[in-house]
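A.B. asks: Contents of start10.cif (mmCIF, N, CA, C and O atoms) are below:
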data_input
loop_
_atom_site.label_atom_id
_atom_site.label_comp_id
_atom_site.auth_asym_id
_atom_site.auth_seq_id
_atom_site.Cartn_x
_atom_site.Cartn_y
_atom_site.Cartn_z
N MET A 1 -137.08 -59.24 -9.27
CA MET A 1 -138.24 -58.62 -8.67
C MET A 1 -138.87 -59.61 -7.69
O MET A 1 -139.06 -60.77 -8.02
N PRO A 2 -139.24 -59.14 -6.48
CA PRO A 2 -139.84 -60.05 -5.51
C PRO A 2 -141.23 -60.49 -5.96
O PRO A 2 -141.89 -59.83 -6.75
N GLN A 3 -141.62 -61.62 -5.44
CA GLN A 3 -142.95 -62.15 -5.73
C GLN A 3 -143.70 -62.31 -4.41
O GLN A 3 -143.13 -62.78 -3.43
N ILE A 4 -144.95 -61.92 -4.42
CA ILE A 4 -145.80 -62.12 -3.26
C ILE A 4 -147.00 -62.94 -3.72
O ILE A 4 -147.71 -62.55 -4.65
N TRP A 5 -147.17 -64.08 -3.06
CA TRP A 5 -148.29 -64.97 -3.36
C TRP A 5 -149.22 -64.99 -2.16
O TRP A 5 -148.77 -65.11 -1.02
N MET A 6 -150.52 -64.87 -2.40
CA MET A 6 -151.50 -64.85 -1.32
C MET A 6 -152.61 -65.85 -1.60
O MET A 6 -153.00 -66.05 -2.76
N THR A 7 -153.15 -66.40 -0.52
CA THR A 7 -154.35 -67.23 -0.65
C THR A 7 -155.52 -66.31 -0.99
O THR A 7 -155.41 -65.08 -0.86
N TYR A 8 -156.62 -66.90 -1.38
CA TYR A 8 -157.80 -66.08 -1.68
C TYR A 8 -158.28 -65.35 -0.42
O TYR A 8 -158.73 -64.20 -0.50
N ASP A 9 -158.16 -65.98 0.75
CA ASP A 9 -158.54 -65.30 1.99
C ASP A 9 -157.65 -64.09 2.25
O ASP A 9 -158.14 -63.02 2.63
N GLU A 10 -156.35 -64.24 2.06
CA GLU A 10 -155.42 -63.13 2.26
C GLU A 10 -155.66 -62.03 1.24
O GLU A 10 -155.66 -60.83 1.58
N PHE A 11 -155.88 -62.44 -0.01
CA PHE A 11 -156.16 -61.47 -1.06
C PHE A 11 -157.47 -60.74 -0.79
O PHE A 11 -157.59 -59.54 -1.06
N ALA A 12 -158.43 -61.46 -0.22
CA ALA A 12 -159.71 -60.84 0.13
C ALA A 12 -159.51 -59.76 1.19
O ALA A 12 -160.11 -58.68 1.10
N THR A 13 -158.68 -60.04 2.18
CA THR A 13 -158.39 -59.05 3.21
C THR A 13 -157.75 -57.81 2.60
O THR A 13 -158.13 -56.69 2.92
N LEU A 14 -156.81 -58.02 1.70
CA LEU A 14 -156.15 -56.90 1.02
C LEU A 14 -157.14 -56.10 0.19
O LEU A 14 -157.07 -54.87 0.13
N SER A 15 -158.07 -56.81 -0.44
CA SER A 15 -159.02 -56.16 -1.35
C SER A 15 -160.28 -55.66 -0.67
O SER A 15 -161.09 -54.97 -1.29
N GLY A 16 -160.49 -56.03 0.58
CA GLY A 16 -161.68 -55.59 1.30
C GLY A 16 -162.94 -56.28 0.84
O GLY A 16 -163.99 -55.66 0.71
N CYS A 17 -162.85 -57.57 0.57
CA CYS A 17 -164.01 -58.34 0.14
C CYS A 17 -163.93 -59.74 0.75
O CYS A 17 -163.06 -60.00 1.57
N ASP A 18 -164.84 -60.63 0.34
CA ASP A 18 -164.74 -62.00 0.84
C ASP A 18 -163.94 -62.85 -0.15
O ASP A 18 -163.57 -62.40 -1.24
N ALA A 19 -163.65 -64.09 0.23
CA ALA A 19 -162.78 -64.96 -0.57
C ALA A 19 -163.35 -65.25 -1.95
O ALA A 19 -162.62 -65.30 -2.94
N ALA A 20 -164.66 -65.42 -2.04
CA ALA A 20 -165.29 -65.70 -3.34
C ALA A 20 -165.12 -64.50 -4.28
O ALA A 20 -164.80 -64.67 -5.46
N GLU A 21 -165.34 -63.31 -3.75
CA GLU A 21 -165.15 -62.11 -4.57
C GLU A 21 -163.68 -61.94 -4.96
O GLU A 21 -163.37 -61.50 -6.07
N ALA A 22 -162.77 -62.28 -4.04
CA ALA A 22 -161.34 -62.18 -4.33
C ALA A 22 -160.96 -63.12 -5.47
O ALA A 22 -160.14 -62.77 -6.32
N ARG A 23 -161.56 -64.31 -5.47
CA ARG A 23 -161.29 -65.27 -6.55
C ARG A 23 -161.74 -64.71 -7.89
O ARG A 23 -161.01 -64.77 -8.89
N VAL A 24 -162.92 -64.12 -7.92
CA VAL A 24 -163.43 -63.51 -9.16
C VAL A 24 -162.53 -62.36 -9.59
O VAL A 24 -162.21 -62.22 -10.77
N GLN A 25 -162.11 -61.56 -8.63
CA GLN A 25 -161.21 -60.43 -8.94
C GLN A 25 -159.89 -60.94 -9.49
O GLN A 25 -159.35 -60.38 -10.45
N ALA A 26 -159.35 -62.01 -8.92
CA ALA A 26 -158.09 -62.58 -9.41
C ALA A 26 -158.24 -63.08 -10.84
O ALA A 26 -157.34 -62.90 -11.68
N LEU A 27 -159.37 -63.70 -11.14
CA LEU A 27 -159.62 -64.16 -12.51
C LEU A 27 -159.74 -62.97 -13.46
O LEU A 27 -159.20 -62.98 -14.56
N HIS A 28 -160.46 -61.95 -13.01
CA HIS A 28 -160.65 -60.75 -13.84
C HIS A 28 -159.32 -60.05 -14.12
O HIS A 28 -159.09 -59.56 -15.23
N LEU A 29 -158.43 -60.03 -13.13
CA LEU A 29 -157.13 -59.37 -13.30
C LEU A 29 -156.10 -60.28 -13.96
O LEU A 29 -154.97 -59.86 -14.19
N SER A 30 -156.50 -61.52 -14.25
CA SER A 30 -155.61 -62.52 -14.86
C SER A 30 -154.34 -62.74 -14.03
O SER A 30 -153.24 -62.85 -14.58
N LEU A 31 -154.51 -62.80 -12.72
CA LEU A 31 -153.36 -63.04 -11.84
C LEU A 31 -152.91 -64.49 -11.98
O LEU A 31 -153.73 -65.40 -12.15
N ASP A 32 -151.61 -64.69 -11.92
CA ASP A 32 -151.08 -66.06 -11.92
C ASP A 32 -151.60 -66.77 -10.69
O ASP A 32 -151.67 -66.19 -9.59
N ARG A 33 -151.96 -68.05 -10.86
CA ARG A 33 -152.47 -68.85 -9.74
C ARG A 33 -151.71 -70.16 -9.68
O ARG A 33 -151.35 -70.72 -10.71
N ARG A 34 -151.50 -70.62 -8.44
CA ARG A 34 -150.84 -71.92 -8.23
C ARG A 34 -151.45 -72.61 -7.03
O ARG A 34 -151.78 -71.97 -6.04
N LYS A 35 -151.54 -73.89 -7.13
CA LYS A 35 -151.97 -74.71 -5.99
C LYS A 35 -150.72 -75.04 -5.19
O LYS A 35 -149.76 -75.61 -5.71
N SER A 36 -150.71 -74.69 -3.92
CA SER A 36 -149.55 -74.93 -3.06
C SER A 36 -149.61 -76.33 -2.48
O SER A 36 -150.63 -77.00 -2.53
N ARG A 37 -148.50 -76.74 -1.91
CA ARG A 37 -148.43 -78.08 -1.29
C ARG A 37 -149.41 -78.23 -0.14
O ARG A 37 -149.80 -79.33 0.19
N ASP A 38 -149.77 -77.12 0.50
CA ASP A 38 -150.72 -77.20 1.61
C ASP A 38 -152.17 -77.29 1.14
O ASP A 38 -153.09 -77.35 1.93
N GLY A 39 -152.35 -77.32 -0.20
CA GLY A 39 -153.69 -77.47 -0.76
C GLY A 39 -154.40 -76.16 -1.07
O GLY A 39 -155.45 -76.16 -1.69
N ASN A 40 -153.83 -75.04 -0.64
CA ASN A 40 -154.43 -73.73 -0.91
C ASN A 40 -153.96 -73.20 -2.26
O ASN A 40 -152.80 -73.36 -2.62
N THR A 41 -154.87 -72.56 -2.97
CA THR A 41 -154.50 -71.87 -4.20
C THR A 41 -154.05 -70.48 -3.82
O THR A 41 -154.67 -69.81 -3.00
N ARG A 42 -152.96 -70.04 -4.43
CA ARG A 42 -152.43 -68.71 -4.17
C ARG A 42 -152.35 -67.93 -5.48
O ARG A 42 -152.14 -68.51 -6.54
N VAL A 43 -152.52 -66.62 -5.36
CA VAL A 43 -152.42 -65.73 -6.52
C VAL A 43 -151.18 -64.86 -6.35
O VAL A 43 -150.81 -64.48 -5.24
N LYS A 44 -150.55 -64.57 -7.46
CA LYS A 44 -149.35 -63.73 -7.46
C LYS A 44 -149.77 -62.28 -7.65
O LYS A 44 -150.48 -61.93 -8.60
N LEU A 45 -149.31 -61.41 -6.75
CA LEU A 45 -149.69 -60.00 -6.83
C LEU A 45 -148.93 -59.29 -7.94
O LEU A 45 -147.75 -59.56 -8.18
N THR A 46 -149.60 -58.37 -8.58
CA THR A 46 -148.97 -57.49 -9.56
C THR A 46 -148.19 -56.42 -8.80
O THR A 46 -148.40 -56.22 -7.59
N PRO A 47 -147.33 -55.68 -9.49
CA PRO A 47 -146.61 -54.59 -8.81
C PRO A 47 -147.55 -53.58 -8.13
O PRO A 47 -147.26 -53.12 -7.02
N ALA A 48 -148.67 -53.26 -8.76
CA ALA A 48 -149.62 -52.32 -8.14
C ALA A 48 -150.23 -52.91 -6.87
O ALA A 48 -150.38 -52.20 -5.86
N LEU A 49 -150.57 -54.19 -6.90
CA LEU A 49 -151.12 -54.84 -5.71
C LEU A 49 -150.07 -54.98 -4.62
O LEU A 49 -150.38 -54.85 -3.44
N MET A 50 -148.81 -55.22 -5.02
CA MET A 50 -147.73 -55.28 -4.04
C MET A 50 -147.56 -53.93 -3.35
O MET A 50 -147.34 -53.87 -2.15
N ALA A 51 -147.68 -52.85 -4.11
CA ALA A 51 -147.57 -51.51 -3.53
C ALA A 51 -148.67 -51.29 -2.49
O ALA A 51 -148.42 -50.75 -1.41
N ARG A 52 -149.89 -51.75 -2.81
CA ARG A 52 -151.00 -51.63 -1.86
C ARG A 52 -150.71 -52.47 -0.61
O ARG A 52 -150.95 -52.04 0.51
N PHE A 53 -150.19 -53.67 -0.81
CA PHE A 53 -149.84 -54.55 0.31
C PHE A 53 -148.79 -53.90 1.21
O PHE A 53 -148.93 -53.88 2.43
N PHE A 54 -147.73 -53.34 0.60
CA PHE A 54 -146.69 -52.69 1.39
C PHE A 54 -147.24 -51.49 2.14
O PHE A 54 -146.81 -51.21 3.26
N GLU A 55 -148.17 -50.77 1.55
CA GLU A 55 -148.77 -49.63 2.21
C GLU A 55 -149.55 -50.08 3.45
O GLU A 55 -149.48 -49.44 4.50
N THR A 56 -150.27 -51.20 3.35
CA THR A 56 -151.00 -51.69 4.53
C THR A 56 -150.03 -52.10 5.63
O THR A 56 -150.32 -51.91 6.81
N ILE A 57 -148.89 -52.64 5.25
CA ILE A 57 -147.89 -53.01 6.26
C ILE A 57 -147.33 -51.76 6.93
O ILE A 57 -147.18 -51.72 8.15
N ARG A 58 -147.05 -50.73 6.13
CA ARG A 58 -146.54 -49.48 6.72
C ARG A 58 -147.54 -48.90 7.71
O ARG A 58 -147.17 -48.43 8.78
N GLU A 59 -148.82 -48.92 7.35
CA GLU A 59 -149.86 -48.40 8.25
C GLU A 59 -149.94 -49.24 9.51
O GLU A 59 -150.08 -48.71 10.61
N ALA A 60 -149.84 -50.55 9.37
CA ALA A 60 -149.90 -51.44 10.54
C ALA A 60 -148.70 -51.21 11.44
O ALA A 60 -148.83 -51.21 12.66
N GLU A 61 -147.53 -51.03 10.87
CA GLU A 61 -146.34 -50.78 11.67
C GLU A 61 -146.45 -49.46 12.43
O GLU A 61 -146.01 -49.36 13.56
N PHE A 62 -147.09 -48.47 11.81
CA PHE A 62 -147.28 -47.19 12.49
C PHE A 62 -148.15 -47.40 13.72
O PHE A 62 -147.85 -46.90 14.79
N ASP A 63 -149.23 -48.15 13.58
CA ASP A 63 -150.09 -48.43 14.72
C ASP A 63 -149.32 -49.22 15.78
O ASP A 63 -149.50 -49.01 16.97
N LEU A 64 -148.48 -50.13 15.35
CA LEU A 64 -147.66 -50.90 16.28
C LEU A 64 -146.70 -49.99 17.03
O LEU A 64 -146.53 -50.11 18.24
N ASP A 65 -146.10 -49.03 16.33
CA ASP A 65 -145.21 -48.07 16.98
C ASP A 65 -145.95 -47.27 18.04
O ASP A 65 -145.42 -47.03 19.13
N GLU A 66 -147.18 -46.87 17.74
CA GLU A 66 -147.98 -46.12 18.71
C GLU A 66 -148.29 -46.99 19.93
O GLU A 66 -148.24 -46.52 21.06
N ALA A 67 -148.60 -48.26 19.70
CA ALA A 67 -148.90 -49.17 20.80
C ALA A 67 -147.68 -49.37 21.69
O ALA A 67 -147.78 -49.38 22.92
N ILE A 68 -146.52 -49.52 21.08
CA ILE A 68 -145.28 -49.69 21.85
C ILE A 68 -145.00 -48.43 22.68
O ILE A 68 -144.64 -48.52 23.85
N ALA A 69 -145.19 -47.27 22.08
CA ALA A 69 -144.96 -46.01 22.81
C ALA A 69 -145.93 -45.89 23.99
O ALA A 69 -145.53 -45.47 25.09
N ALA A 70 -147.18 -46.30 23.79
CA ALA A 70 -148.16 -46.24 24.88
C ALA A 70 -147.79 -47.20 26.00
O ALA A 70 -147.93 -46.86 27.19
N LEU A 71 -147.30 -48.39 25.65
CA LEU A 71 -146.88 -49.34 26.68
C LEU A 71 -145.69 -48.81 27.47
O LEU A 71 -145.64 -48.94 28.69
N ARG A 72 -144.74 -48.20 26.78
CA ARG A 72 -143.58 -47.64 27.47
C ARG A 72 -143.99 -46.50 28.40
O ARG A 72 -143.49 -46.38 29.52
N ASP A 73 -144.92 -45.66 27.95
CA ASP A 73 -145.40 -44.56 28.77
C ASP A 73 -146.10 -45.09 30.02
O ASP A 73 -145.88 -44.60 31.13
N THR A 74 -146.93 -46.10 29.83
CA THR A 74 -147.62 -46.72 30.97
C THR A 74 -146.61 -47.31 31.94
O THR A 74 -146.75 -47.16 33.16
N HIS A 75 -145.59 -47.96 31.41
CA HIS A 75 -144.54 -48.54 32.27
C HIS A 75 -143.84 -47.45 33.08
O HIS A 75 -143.63 -47.61 34.29
N ARG A 76 -143.52 -46.34 32.43
CA ARG A 76 -142.87 -45.23 33.14
C ARG A 76 -143.78 -44.71 34.25
O ARG A 76 -143.32 -44.44 35.36
N GLN A 77 -145.06 -44.55 33.94
CA GLN A 77 -146.00 -44.04 34.95
C GLN A 77 -146.11 -45.00 36.12
O GLN A 77 -146.11 -44.59 37.28
N MET A 78 -146.21 -46.30 35.83
CA MET A 78 -146.33 -47.29 36.89
C MET A 78 -145.05 -47.35 37.71
O MET A 78 -145.09 -47.51 38.93
N SER A 79 -143.92 -47.25 37.07
CA SER A 79 -142.64 -47.27 37.78
C SER A 79 -142.52 -46.07 38.70
O SER A 79 -142.02 -46.17 39.82
N GLY A 80 -142.99 -44.92 38.28
CA GLY A 80 -142.95 -43.72 39.11
C GLY A 80 -143.85 -43.84 40.32
O GLY A 80 -143.49 -43.45 41.42
N VAL A 81 -145.01 -44.44 40.17
CA VAL A 81 -145.93 -44.63 41.28
C VAL A 81 -145.32 -45.58 42.29
O VAL A 81 -145.34 -45.34 43.49
N ARG A 82 -144.74 -46.67 41.82
CA ARG A 82 -144.12 -47.64 42.73
C ARG A 82 -142.95 -47.02 43.48
O ARG A 82 -142.78 -47.26 44.66
N ALA A 83 -142.17 -46.21 42.79
CA ALA A 83 -141.03 -45.56 43.46
C ALA A 83 -141.54 -44.62 44.54
O ALA A 83 -140.99 -44.58 45.65
N ALA A 84 -142.61 -43.89 44.26
CA ALA A 84 -143.17 -42.96 45.25
C ALA A 84 -143.75 -43.73 46.43
O ALA A 84 -143.62 -43.32 47.58
N GLU A 85 -144.39 -44.89 46.16
CA GLU A 85 -144.92 -45.72 47.25
C GLU A 85 -143.80 -46.22 48.15
O GLU A 85 -143.92 -46.22 49.37
N ARG A 86 -142.69 -46.65 47.56
CA ARG A 86 -141.56 -47.14 48.35
C ARG A 86 -140.98 -46.04 49.22
O ARG A 86 -140.64 -46.26 50.39
N GLU A 87 -140.88 -44.84 48.67
CA GLU A 87 -140.35 -43.72 49.45
C GLU A 87 -141.26 -43.42 50.62
O GLU A 87 -140.83 -43.17 51.72
N GLY A 88 -142.57 -43.48 50.37
CA GLY A 88 -143.55 -43.24 51.44
C GLY A 88 -143.47 -44.30 52.52
O GLY A 88 -143.57 -44.00 53.71
N LEU A 89 -143.26 -45.53 52.15
CA LEU A 89 -143.14 -46.63 53.12
C LEU A 89 -141.89 -46.46 53.96
O LEU A 89 -141.88 -46.69 55.16
N GLY A 90 -140.82 -46.05 53.31
CA GLY A 90 -139.55 -45.87 54.01
C GLY A 90 -139.66 -44.79 55.07
O GLY A 90 -139.12 -44.90 56.17
N ARG A 91 -140.39 -43.71 54.81
CA ARG A 91 -140.52 -42.61 55.76
C ARG A 91 -141.38 -43.02 56.95
O ARG A 91 -141.15 -42.62 58.06
N GLY A 92 -142.40 -43.82 56.70
CA GLY A 92 -143.31 -44.22 57.77
C GLY A 92 -142.64 -45.16 58.75
O GLY A 92 -142.96 -45.18 59.92
N VAL A 93 -141.67 -45.94 58.29
CA VAL A 93 -141.00 -46.91 59.14
C VAL A 93 -140.00 -46.22 60.06
O VAL A 93 -139.82 -46.58 61.20
N ALA A 94 -139.36 -45.17 59.58
CA ALA A 94 -138.29 -44.50 60.35
C ALA A 94 -138.79 -43.68 61.45
O ALA A 94 -139.60 -43.46 62.06
#
When written as structure tokens, how does the structure in this file appear?
C.D. replies:
Amino acid sequence: MPQIWMTYDEFATLSGCDAAEARVQALHLSLDRRKSRDGNTRVKLTPALMARFFETIREAEFDLDEAIAALRDTHRQMSGVRAAEREGLGRGVA
């Protein structure tokens, strides 16, 4: 089974609270905690918390897909305008 470890700041973002509240929540849920080599304490997510984390990623990817589609549409529109401008320039020169 995969393991996901988060700092209190990351866990706070997932939980919709601040880092101090996330620490209290981690203690209340009896989440495993470890001090990492970088000096940050991390908590291990339970399967239910991992499911919530994966859901936030799915939602974020959906927004990313929409942003990519919007950029491609804008590119197509800009490319069409430039092509029309070039055609207009070509006619005026001849």
A.B. asks: If you run DSSP on the backbone, which residues of chain A are strand (DSSP E), as a short mmCIF file (atom, residue, chain, number, x, y, z; two decimals) with N, CA, C and O atoms, keeping the file's coordinate frame?
C.D. replies:
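Dumped to selection_34.cif:
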data_model
loop_
_atom_site.label_atom_id
_atom_site.label_comp_id
_atom_site.auth_asym_id
_atom_site.auth_seq_id
_atom_site.Cartn_x
_atom_site.Cartn_y
_atom_site.Cartn_z
N TRP A 5 -147.17 -64.08 -3.06
CA TRP A 5 -148.29 -64.97 -3.36
C TRP A 5 -149.22 -64.99 -2.16
O TRP A 5 -148.77 -65.11 -1.02
N MET A 6 -150.52 -64.87 -2.40
CA MET A 6 -151.50 -64.85 -1.32
C MET A 6 -152.61 -65.85 -1.60
O MET A 6 -153.00 -66.05 -2.76
N THR A 7 -153.15 -66.40 -0.52
CA THR A 7 -154.35 -67.23 -0.65
C THR A 7 -155.52 -66.31 -0.99
O THR A 7 -155.41 -65.08 -0.86
N ARG A 33 -151.96 -68.05 -10.86
CA ARG A 33 -152.47 -68.85 -9.74
C ARG A 33 -151.71 -70.16 -9.68
O ARG A 33 -151.35 -70.72 -10.71
N ARG A 34 -151.50 -70.62 -8.44
CA ARG A 34 -150.84 -71.92 -8.23
C ARG A 34 -151.45 -72.61 -7.03
O ARG A 34 -151.78 -71.97 -6.04
N LYS A 35 -151.54 -73.89 -7.13
CA LYS A 35 -151.97 -74.71 -5.99
C LYS A 35 -150.72 -75.04 -5.19
O LYS A 35 -149.76 -75.61 -5.71
N THR A 41 -154.87 -72.56 -2.97
CA THR A 41 -154.50 -71.87 -4.20
C THR A 41 -154.05 -70.48 -3.82
O THR A 41 -154.67 -69.81 -3.00
N ARG A 42 -152.96 -70.04 -4.43
CA ARG A 42 -152.43 -68.71 -4.17
C ARG A 42 -152.35 -67.93 -5.48
O ARG A 42 -152.14 -68.51 -6.54
N VAL A 43 -152.52 -66.62 -5.36
CA VAL A 43 -152.42 -65.73 -6.52
C VAL A 43 -151.18 -64.86 -6.35
O VAL A 43 -150.81 -64.48 -5.24
N LYS A 44 -150.55 -64.57 -7.46
CA LYS A 44 -149.35 -63.73 -7.46
C LYS A 44 -149.77 -62.28 -7.65
O LYS A 44 -150.48 -61.93 -8.60
#
A.B. asks: For A:Ala22, which residue out of A:Ser79, A:Arg34, A:Glu59, A:Thr7 is the nearest one, using only N, CA, C and O atoms?
C.D. replies: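 Nearest to A:Ala22: A:Thr7.
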A.B. asks: When you draw a straight line from atom O of A:Asp65 to atom C of A:Thr13, how long is it in Å?
C.D. replies: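 Interatomic distance here is 23.3 Å.
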A.B. asks: Could you tell me how far atom CA of A:Lys44 lies from atom CA of A:Leu31, in Å and to one decimal?
C.D. replies: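 Between these atoms lies a distance of 6.0 Å.
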A.B. asks: Mind giving me the straight-line distance from atom CA of A:Val43 to atom CA of A:Asp63 in Å, one decimal?
C.D. replies: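 Taking atom CA of A:Val43 and atom CA of A:Asp63, their separation equals 27.5 Å.
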A.B. asks: Looking at only C-alpha atoms, which of A:Leu71, A:Ala20, A:Ile4, A:Leu14 is the one that sits closest to A:Thr46?
C.D. replies: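 Closest candidate: A:Ile4.
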A.B. asks: Out of chain A, which residues get helix (DSSP H, G or I) from DSSP, as a VMD selection string?
C.D. replies: chain A and resid 8 to 15 19 to 28 47 to 93
A.B. asks: Using only N, CA, C and O atoms, which of A:Arg76, A:Asp9, A:Arg52, A:Ser36 sits nearest A:Arg23?
C.D. replies: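 Among the listed residues, the smallest separation from A:Arg23 belongs to A:Asp9.
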A.B. asks: Would you mind telling me which residue in A:Asn40, A:Gly80, A:Ser30, A:Ala70 lies nearest to A:Tyr8 when using only N, CA, C and O atoms?
C.D. replies: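 Closest candidate: A:Asn40.
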